[in-house]
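The file my_file23.tsv contains TSV, C-alpha atoms:
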```
chain	number	residue	atom	x	y	z
A	462	PHE	CA	-8.17	34.54	50.89
A	463	PHE	CA	-7.77	33.46	54.52
A	464	PHE	CA	-4.82	35.87	54.89
A	465	TRP	CA	-6.93	38.96	54.31
A	466	LYS	CA	-9.66	38.19	56.80
A	467	SER	CA	-9.96	40.16	60.02
A	468	LEU	CA	-8.52	38.73	63.22
A	469	GLU	CA	-11.98	37.94	64.57
A	470	GLU	CA	-13.01	36.24	61.33
A	471	ARG	CA	-9.80	34.20	61.38
A	472	ARG	CA	-10.51	33.09	64.95
A	473	ARG	CA	-14.01	31.95	64.00
A	474	MET	CA	-12.68	30.15	60.94
A	475	LEU	CA	-9.98	28.46	63.04
A	476	TRP	CA	-12.58	27.26	65.54
A	477	ARG	CA	-14.82	25.81	62.85
A	478	THR	CA	-11.98	24.30	60.81
A	479	ALA	CA	-10.39	22.62	63.81
A	480	ALA	CA	-13.60	20.81	64.64
A	481	PHE	CA	-14.33	19.79	61.07
A	482	ALA	CA	-10.75	18.69	60.28
A	483	ALA	CA	-10.69	16.37	63.28
A	484	LEU	CA	-13.37	14.18	61.73
A	485	PRO	CA	-12.62	11.15	59.55
A	486	ARG	CA	-13.06	11.82	55.84
A	487	SER	CA	-16.18	9.68	55.61
A	488	ALA	CA	-17.74	11.58	58.51
A	489	ARG	CA	-16.90	14.94	56.93
A	490	ARG	CA	-18.64	13.92	53.72
A	491	HIS	CA	-21.70	12.79	55.64
A	492	LEU	CA	-21.92	15.84	57.90
A	493	CYS	CA	-21.71	18.34	55.08
A	494	SER	CA	-24.07	16.63	52.72
A	495	ALA	CA	-26.92	18.99	51.85
A	496	ASN	CA	-29.28	16.12	52.62
A	497	THR	CA	-27.88	15.41	56.11
A	498	PHE	CA	-30.36	17.75	57.77
A	499	ASN	CA	-33.18	17.08	55.32
A	500	MET	CA	-32.87	20.60	53.97
A	501	SER	CA	-33.74	21.18	50.34
A	502	PRO	CA	-33.23	24.22	48.12
A	503	ASN	CA	-36.16	26.57	47.62
A	504	SER	CA	-34.64	28.47	44.70
A	505	ALA	CA	-36.34	28.16	41.33
A	506	ASP	CA	-32.83	28.10	39.78
A	507	ALA	CA	-31.75	24.99	41.67
A	508	SER	CA	-30.75	22.00	39.55
A	509	SER	CA	-31.47	18.40	40.53
A	510	ALA	CA	-28.12	17.50	38.93
A	511	ASP	CA	-26.35	19.59	41.58
A	512	PRO	CA	-28.02	19.28	44.98
A	513	HIS	CA	-25.59	21.82	46.44
A	514	LEU	CA	-26.31	24.60	43.97
A	515	TRP	CA	-28.67	26.30	46.42
A	516	LEU	CA	-25.67	26.89	48.74
A	517	GLU	CA	-24.31	29.49	46.28
A	518	ASP	CA	-26.35	32.08	48.16
A	519	VAL	CA	-23.76	32.15	50.94
A	520	LEU	CA	-25.58	34.77	53.02
A	521	GLY	CA	-29.07	33.29	52.66
A	522	GLU	CA	-31.02	32.54	55.84
A	523	LYS	CA	-31.58	28.88	54.96
A	524	GLN	CA	-27.98	28.43	53.90
A	525	LEU	CA	-26.59	29.93	57.11
A	526	GLU	CA	-28.93	27.71	59.10
A	527	TRP	CA	-27.45	24.69	57.32
A	528	VAL	CA	-23.92	25.88	58.15
A	529	GLU	CA	-24.77	26.29	61.83
A	530	GLN	CA	-26.22	22.79	61.94
A	531	CYS	CA	-23.04	21.40	60.34
A	532	ASN	CA	-20.95	23.24	62.92
A	533	LYS	CA	-23.10	22.02	65.79
A	534	LYS	CA	-22.86	18.40	64.62
A	535	CYS	CA	-19.07	18.69	64.33
A	536	ILE	CA	-18.74	20.03	67.88
A	537	GLU	CA	-20.99	17.30	69.24
A	538	THR	CA	-18.80	14.71	67.54
A	539	VAL	CA	-15.26	15.92	68.33
A	540	GLY	CA	-15.72	18.30	71.26
A	541	ASP	CA	-14.79	21.94	71.73
A	542	PRO	CA	-11.64	22.70	69.66
A	543	LYS	CA	-10.94	25.76	71.82
A	544	LYS	CA	-9.79	23.36	74.53
A	545	THR	CA	-7.18	21.68	72.33
A	546	GLU	CA	-3.46	22.42	72.31
A	547	ALA	CA	-3.50	22.91	68.53
A	548	TYR	CA	-6.15	25.66	68.76
A	549	THR	CA	-4.24	27.48	71.50
A	550	ARG	CA	-0.98	27.33	69.57
A	551	ILE	CA	-2.45	28.50	66.25
A	552	LYS	CA	-4.39	31.30	67.94
A	553	SER	CA	-1.22	32.55	69.63
A	554	ILE	CA	0.48	32.69	66.22
A	555	LEU	CA	-2.39	34.65	64.69
A	556	ASP	CA	-2.48	37.08	67.62
A	557	SER	CA	1.28	37.52	67.84
A	558	LYS	CA	2.65	41.04	67.52
A	559	ASP	CA	5.99	39.65	66.33
A	560	LYS	CA	5.14	39.89	62.65
A	561	ILE	CA	7.45	41.07	59.89
A	562	PRO	CA	5.83	44.07	58.12
A	563	HIS	CA	6.50	43.04	54.53
A	564	ALA	CA	6.61	46.17	52.38
A	565	TYR	CA	6.83	47.03	48.69
A	566	ARG	CA	8.14	50.15	47.01
A	567	ILE	CA	6.02	52.62	45.09
A	568	GLY	CA	8.11	55.11	43.12
A	569	ASN	CA	11.40	55.20	41.22
A	570	ASP	CA	13.43	57.86	43.04
A	571	ALA	CA	14.83	58.74	46.45
A	572	ASP	CA	11.38	59.87	47.57
A	573	SER	CA	9.86	56.43	47.01
A	574	GLN	CA	7.62	55.16	49.77
A	575	TYR	CA	7.32	51.63	51.10
A	576	TYR	CA	3.76	50.37	51.56
A	577	ASN	CA	2.38	47.66	53.79
A	578	PHE	CA	-1.07	46.31	54.67
A	579	TRP	CA	-1.32	45.66	58.41
A	580	GLN	CA	-3.83	44.09	60.79
A	581	ASP	CA	-3.74	43.88	64.58
A	582	GLU	CA	-6.11	44.19	67.55
A	583	GLN	CA	-6.41	47.96	67.01
A	584	HIS	CA	-6.84	47.68	63.26
A	585	VAL	CA	-9.14	44.68	62.91
A	586	GLN	CA	-9.96	45.13	59.22
A	587	GLY	CA	-6.56	46.61	58.56
A	588	ILE	CA	-4.73	49.73	57.42
A	589	TRP	CA	-2.77	50.46	54.27
A	590	ARG	CA	0.24	52.43	55.39
A	591	ARG	CA	3.58	53.77	54.16
A	592	THR	CA	7.03	54.75	55.37
A	593	SER	CA	10.41	55.78	53.96
A	594	LEU	CA	13.24	53.31	53.31
A	595	THR	CA	15.32	54.84	56.10
A	596	SER	CA	12.47	54.49	58.55
A	597	TYR	CA	11.67	50.95	57.38
A	598	LYS	CA	15.25	49.90	58.11
A	599	SER	CA	15.07	51.22	61.66
A	600	LYS	CA	14.08	49.24	64.73
A	601	ASP	CA	10.78	51.11	65.09
A	602	PRO	CA	9.57	52.38	61.70
A	603	GLU	CA	7.29	55.41	61.66
A	604	TRP	CA	4.24	54.53	59.59
A	605	THR	CA	1.73	56.91	58.04
A	606	THR	CA	-1.77	55.54	57.53
A	607	VAL	CA	-2.94	55.93	53.94
A	608	LEU	CA	-6.28	54.10	54.20
A	609	ASP	CA	-8.02	52.82	57.33
A	610	LEU	CA	-10.59	50.14	56.50
A	611	ASP	CA	-12.13	50.27	59.98
A	612	ALA	CA	-12.87	54.00	59.50
A	613	LEU	CA	-14.78	53.53	56.23
A	614	LEU	CA	-18.56	53.61	56.11
A	615	PRO	CA	-19.81	49.99	56.25
A	616	PRO	CA	-20.98	48.18	53.10
A	617	THR	CA	-24.62	48.40	52.11
A	618	THR	CA	-24.62	44.99	50.39
A	619	ASP	CA	-26.53	42.08	51.92
A	620	THR	CA	-25.58	41.51	55.56
A	621	ALA	CA	-21.89	42.44	55.30
A	622	LYS	CA	-20.78	44.88	58.00
A	623	THR	CA	-17.07	45.24	57.23
A	624	TRP	CA	-14.67	45.74	54.34
A	625	VAL	CA	-11.94	43.22	53.52
A	626	TRP	CA	-8.80	44.29	51.66
A	627	HIS	CA	-8.42	42.70	48.21
A	628	GLY	CA	-5.38	44.65	47.10
A	629	SER	CA	-4.30	47.55	44.89
A	630	THR	CA	-3.31	47.97	41.24
A	631	LEU	CA	-0.99	50.86	40.42
A	632	LEU	CA	-0.95	53.23	37.46
A	633	ASP	CA	2.47	52.34	36.00
A	634	GLU	CA	3.44	54.63	33.12
A	635	GLY	CA	7.00	53.37	32.88
A	636	PRO	CA	10.23	54.96	34.18
A	637	SER	CA	8.67	58.44	34.16
A	638	SER	CA	5.57	57.36	36.05
A	639	LYS	CA	4.18	59.76	38.66
A	640	TRP	CA	3.01	56.85	40.84
A	641	ASP	CA	0.03	58.89	41.96
A	642	ARG	CA	-2.96	56.66	41.22
A	643	ALA	CA	-4.14	53.17	42.13
A	644	ILE	CA	-7.24	51.02	41.87
A	645	ILE	CA	-8.27	49.80	45.35
A	646	ARG	CA	-10.33	46.61	45.61
A	647	LEU	CA	-12.43	46.08	48.73
A	648	SER	CA	-14.77	43.18	49.40
A	649	PRO	CA	-17.93	43.50	51.51
A	650	GLY	CA	-17.61	40.85	54.18
A	651	GLY	CA	-14.72	39.02	52.52
A	652	SER	CA	-16.51	37.29	49.64
A	653	ASP	CA	-14.91	36.75	46.21
A	654	ALA	CA	-16.92	39.71	44.91
A	655	ASP	CA	-15.34	43.10	45.42
A	656	THR	CA	-15.71	46.77	44.59
A	657	ALA	CA	-13.09	48.80	42.73
A	658	ARG	CA	-12.36	52.52	43.20
A	659	GLU	CA	-9.60	54.83	42.03
A	660	PHE	CA	-7.37	56.24	44.77
A	661	ASP	CA	-5.08	59.29	44.69
A	662	LEU	CA	-1.77	58.44	46.38
A	663	LYS	CA	-0.81	62.11	46.74
A	664	THR	CA	-3.98	63.35	48.46
A	665	GLU	CA	-4.62	59.89	49.96
A	666	GLN	CA	-8.29	60.11	49.06
A	667	PHE	CA	-10.60	58.22	46.72
A	668	VAL	CA	-11.07	60.02	43.42
A	669	ASP	CA	-14.69	61.19	43.18
A	670	PRO	CA	-16.32	59.73	40.03
A	671	ASP	CA	-18.56	62.81	39.88
A	672	GLY	CA	-15.76	65.30	40.60
A	673	PRO	CA	-13.49	67.13	38.16
A	674	ASP	CA	-11.08	64.16	37.88
A	675	ARG	CA	-13.92	61.70	37.13
A	676	GLY	CA	-12.46	58.80	39.07
A	677	PHE	CA	-13.05	55.19	38.04
A	678	ALA	CA	-15.47	53.39	40.37
A	679	LEU	CA	-17.44	50.15	40.32
A	680	ASP	CA	-19.42	50.12	43.56
A	681	GLN	CA	-21.52	47.05	42.80
A	682	PRO	CA	-19.70	43.98	44.21
A	683	ALA	CA	-18.67	41.50	41.52
A	684	LYS	CA	-15.71	39.31	40.60
A	685	THR	CA	-14.10	42.31	38.96
A	686	ARG	CA	-10.64	42.64	37.41
A	687	MET	CA	-9.50	46.18	36.61
A	688	ALA	CA	-6.11	47.57	35.58
A	689	TYR	CA	-4.84	50.71	33.91
A	690	ARG	CA	-4.25	50.77	30.17
A	691	SER	CA	-3.23	54.41	30.40
A	692	ARG	CA	-3.92	57.30	32.76
A	693	ASP	CA	-7.41	57.85	31.37
A	694	GLU	CA	-8.32	54.30	30.38
A	695	VAL	CA	-8.70	51.01	32.22
A	696	LEU	CA	-9.17	47.43	31.09
A	697	VAL	CA	-12.00	45.91	33.06
A	698	GLY	CA	-13.70	42.57	33.31
A	699	THR	CA	-16.78	42.30	35.47
A	700	ASP	CA	-20.42	41.24	35.51
A	701	PHE	CA	-21.48	43.82	32.92
A	702	GLY	CA	-25.23	44.35	33.19
A	703	GLN	CA	-25.37	42.29	36.41
A	704	ASP	CA	-27.05	39.45	34.52
A	705	GLY	CA	-24.19	36.96	34.32
A	706	SER	CA	-23.90	37.06	30.54
A	707	ALA	CA	-20.36	38.48	30.67
A	708	LEU	CA	-19.11	35.75	33.02
A	709	THR	CA	-17.72	32.28	32.41
A	710	ASP	CA	-19.37	29.12	33.70
A	711	SER	CA	-17.04	29.47	36.70
A	712	GLY	CA	-18.45	32.92	37.49
A	713	TYR	CA	-15.36	34.97	36.56
A	714	PRO	CA	-15.05	37.67	33.86
A	715	ARG	CA	-15.27	36.31	30.31
A	716	ILE	CA	-15.25	39.69	28.55
A	717	VAL	CA	-12.63	42.44	28.87
A	718	LYS	CA	-13.60	45.99	27.93
A	719	SER	CA	-11.83	49.32	27.48
A	720	TRP	CA	-13.36	51.98	29.72
A	721	LYS	CA	-12.45	55.63	29.16
A	722	ARG	CA	-12.38	58.14	31.98
A	723	GLY	CA	-15.51	60.28	32.29
A	724	THR	CA	-17.74	57.87	30.36
A	725	PRO	CA	-20.39	55.51	31.78
A	726	ILE	CA	-19.41	51.86	32.08
A	727	GLU	CA	-22.20	51.04	29.63
A	728	GLU	CA	-20.13	52.71	26.88
A	729	ALA	CA	-17.06	50.56	27.51
A	730	VAL	CA	-15.85	48.77	24.33
A	731	THR	CA	-15.09	45.04	24.17
A	732	VAL	CA	-11.43	44.32	23.38
A	733	PHE	CA	-11.17	40.62	24.25
A	734	GLU	CA	-13.41	37.63	24.93
A	735	GLY	CA	-12.66	34.22	26.39
A	736	GLU	CA	-14.70	31.06	25.99
A	737	GLN	CA	-17.76	30.34	28.09
A	738	THR	CA	-16.09	27.20	29.48
A	739	ASP	CA	-12.87	29.04	30.49
A	740	ILE	CA	-12.17	29.88	34.10
A	741	ALA	CA	-11.61	33.56	33.21
A	742	ALA	CA	-10.29	35.99	30.58
A	743	HIS	CA	-7.70	38.71	31.24
A	744	GLN	CA	-5.94	41.51	29.40
A	745	TYR	CA	-3.29	43.85	30.76
A	746	ALA	CA	-0.83	46.48	29.53
A	747	PHE	CA	2.87	46.79	30.37
A	748	HIS	CA	4.78	50.06	29.85
A	749	ASP	CA	8.43	49.50	28.93
A	750	ARG	CA	10.70	52.50	28.12
A	751	GLY	CA	8.38	54.18	25.69
A	752	PHE	CA	6.71	51.02	24.42
A	753	VAL	CA	3.42	49.53	25.56
A	754	HIS	CA	2.97	45.77	25.41
A	755	GLU	CA	-0.46	44.22	25.87
A	756	PHE	CA	-1.17	40.66	26.84
A	757	GLN	CA	-4.37	38.65	26.50
A	758	LEU	CA	-4.84	35.56	28.60
A	759	ARG	CA	-7.39	32.79	28.80
A	760	SER	CA	-7.36	30.71	31.97
A	761	ILE	CA	-8.49	27.33	30.64
A	762	THR	CA	-8.29	25.67	34.04
A	763	PHE	CA	-6.81	26.73	37.37
A	764	TYR	CA	-3.52	25.18	36.19
A	765	THR	CA	-3.42	25.89	32.45
A	766	SER	CA	-3.76	29.04	30.36
A	767	LYS	CA	-3.26	30.39	26.83
```
Could you spell out this file's structure in structure tokens?
Amino acid sequence: FFFWKSLEERRRMLWRTAAFAALPRSARRHLCSANTFNMSPNSADASSADPHLWLEDVLGEKQLEWVEQCNKKCIETVGDPKKTEAYTRIKSILDSKDKIPHAYRIGNDADSQYYNFWQDEQHVQGIWRRTSLTSYKSKDPEWTTVLDLDALLPPTTDTAKTWVWHGSTLLDEGPSSKWDRAIIRLSPGGSDADTAREFDLKTEQFVDPDGPDRGFALDQPAKTRMAYRSRDEVLVGTDFGQDGSALTDSGYPRIVKSWKRGTPIEEAVTVFEGEQTDIAAHQYAFHDRGFVHEFQLRSITFYTSK
């Protein structure tokens, strides 16, 4: 999660983490107790069994006030971390231009392109870009920008002002795949919740859900998982109905549905369900030389699954 944040967000996180980490464990527990500043939740959904439940609203005014007070107390206790050698060294690493542009191939033939997600001082939120294998092997590869996150219209959700890259999922139809479509996941502000939209790798544009190709799009941020089952069908797990009933106790998708192109998400058909106490439920399809294999997975804990 930290890896995908913008450079400025990473600097702020570094500053806060350095101050907090310098404290003894007992002091950290005391400073970040919800009761330290005599602040109590105002939400009607708060539970006395979990005094920190009210902090789930991570962008709430009261919650952010609590965070700022924690930060202030840390700085008063350990000093300004920006003046430490560790801060200077870590910041220089984060700001360094000497980074290896790790790339991955999309395509099966000589015309395959190598894609990379890149962030620097000019591309704060990042760009998704591509180049040829020959160019990638050269000293100075020539990159073509496919998607510029800084150029997108800002989110309209809560107080988020920027998009954070959460990755792409390709349409893989096996050896004969056209490699022309992908699902792009973008998070408003960098939270766990993200949006999902279909992207055309040939035109390098999002596929309009209201246009002739009826692109797949879930614009409401949620802890969504979406992958292609076929060219005109995706398997999706999300907060269907936006009421939490399709989520596990951990807040991740519990229900996986089949969603056909050109139909409203409300008509998607359930194909798999996990248990309420699971971490999450997943289902995905794998195309293998004319055969399609499907896998269903229940994450029982973060370390075990069925």
Distance criterion (all atoms listed in the file): nearest to A:Met687 out of A:Pro616, A:Gly751, A:Gly628, A:Pro673: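 Counting all atoms listed in the file, the residue closest to A:Met687 is A:Gly628.
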Would you give me, as a tab-separated table, each residue of stretch 530-613 of chain A having an atom within 12 Å of an atom of stretch 632-642 of chain A, along with its shortest atom pair and that distance in Å to one decimal, using only C-alpha atoms and sorting by chain and residue number?
```
residue	atom	partner	partner_atom	distance
A:Arg566	CA	A:Trp640	CA	10.5
A:Ile567	CA	A:Trp640	CA	6.7
A:Gly568	CA	A:Trp640	CA	5.9
A:Asn569	CA	A:Pro636	CA	7.1
A:Asp570	CA	A:Pro636	CA	9.9
A:Asp572	CA	A:Trp640	CA	11.2
A:Ser573	CA	A:Trp640	CA	9.2
A:Gln574	CA	A:Trp640	CA	10.2
```
Straight-line distance linking atom CA of A:Phe747 with atom CA of A:Ser691, stated in Å to one decimal: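 Distance between the two atoms: 9.8 Å.
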Close residues, A:Arg658 itself excluded, 10 Å, all atoms listed in the file, min 3 positions apart in chain, as a count of residues only: 16
Interatomic distance (Å, one decimal) between atom CA of A:Glu582 and atom CA of A:Thr623: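 Separation of atom CA of A:Glu582 and atom CA of A:Thr623: 15.1 Å.
Put simply, atom CA of A:Trp604 is 24.4 Å away from atom CA of A:Ser648.
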Top pick for closest residue to A:Arg690, considering A:Glu665, A:Glu755, A:Glu603, A:Glu659 and counting only C-alpha atoms: A:Glu755
Close residues, stretch 652-654 of chain A itself excluded, 8 Å, only C-alpha atoms, min 5 positions apart in chain, as a PyMOL selection string: chain A and resi 682-685
Counting only C-alpha atoms, the option among A:Ala729, A:Ser760, A:Ile588, A:Asn577 closest to A:His563: A:Asn577
Taking all atoms of stretch 635-638 of chain A that the file lists, what box with edges along x, y and z, padded by 5 Å per side, do you get, with centre and edge lengths in Å to one decimal, as lines of an AutoDock Vina configuration file?
```
center_x = 7.9
center_y = 55.9
center_z = 34.5
size_x = 14.7
size_y = 15.1
size_z = 13.2
```
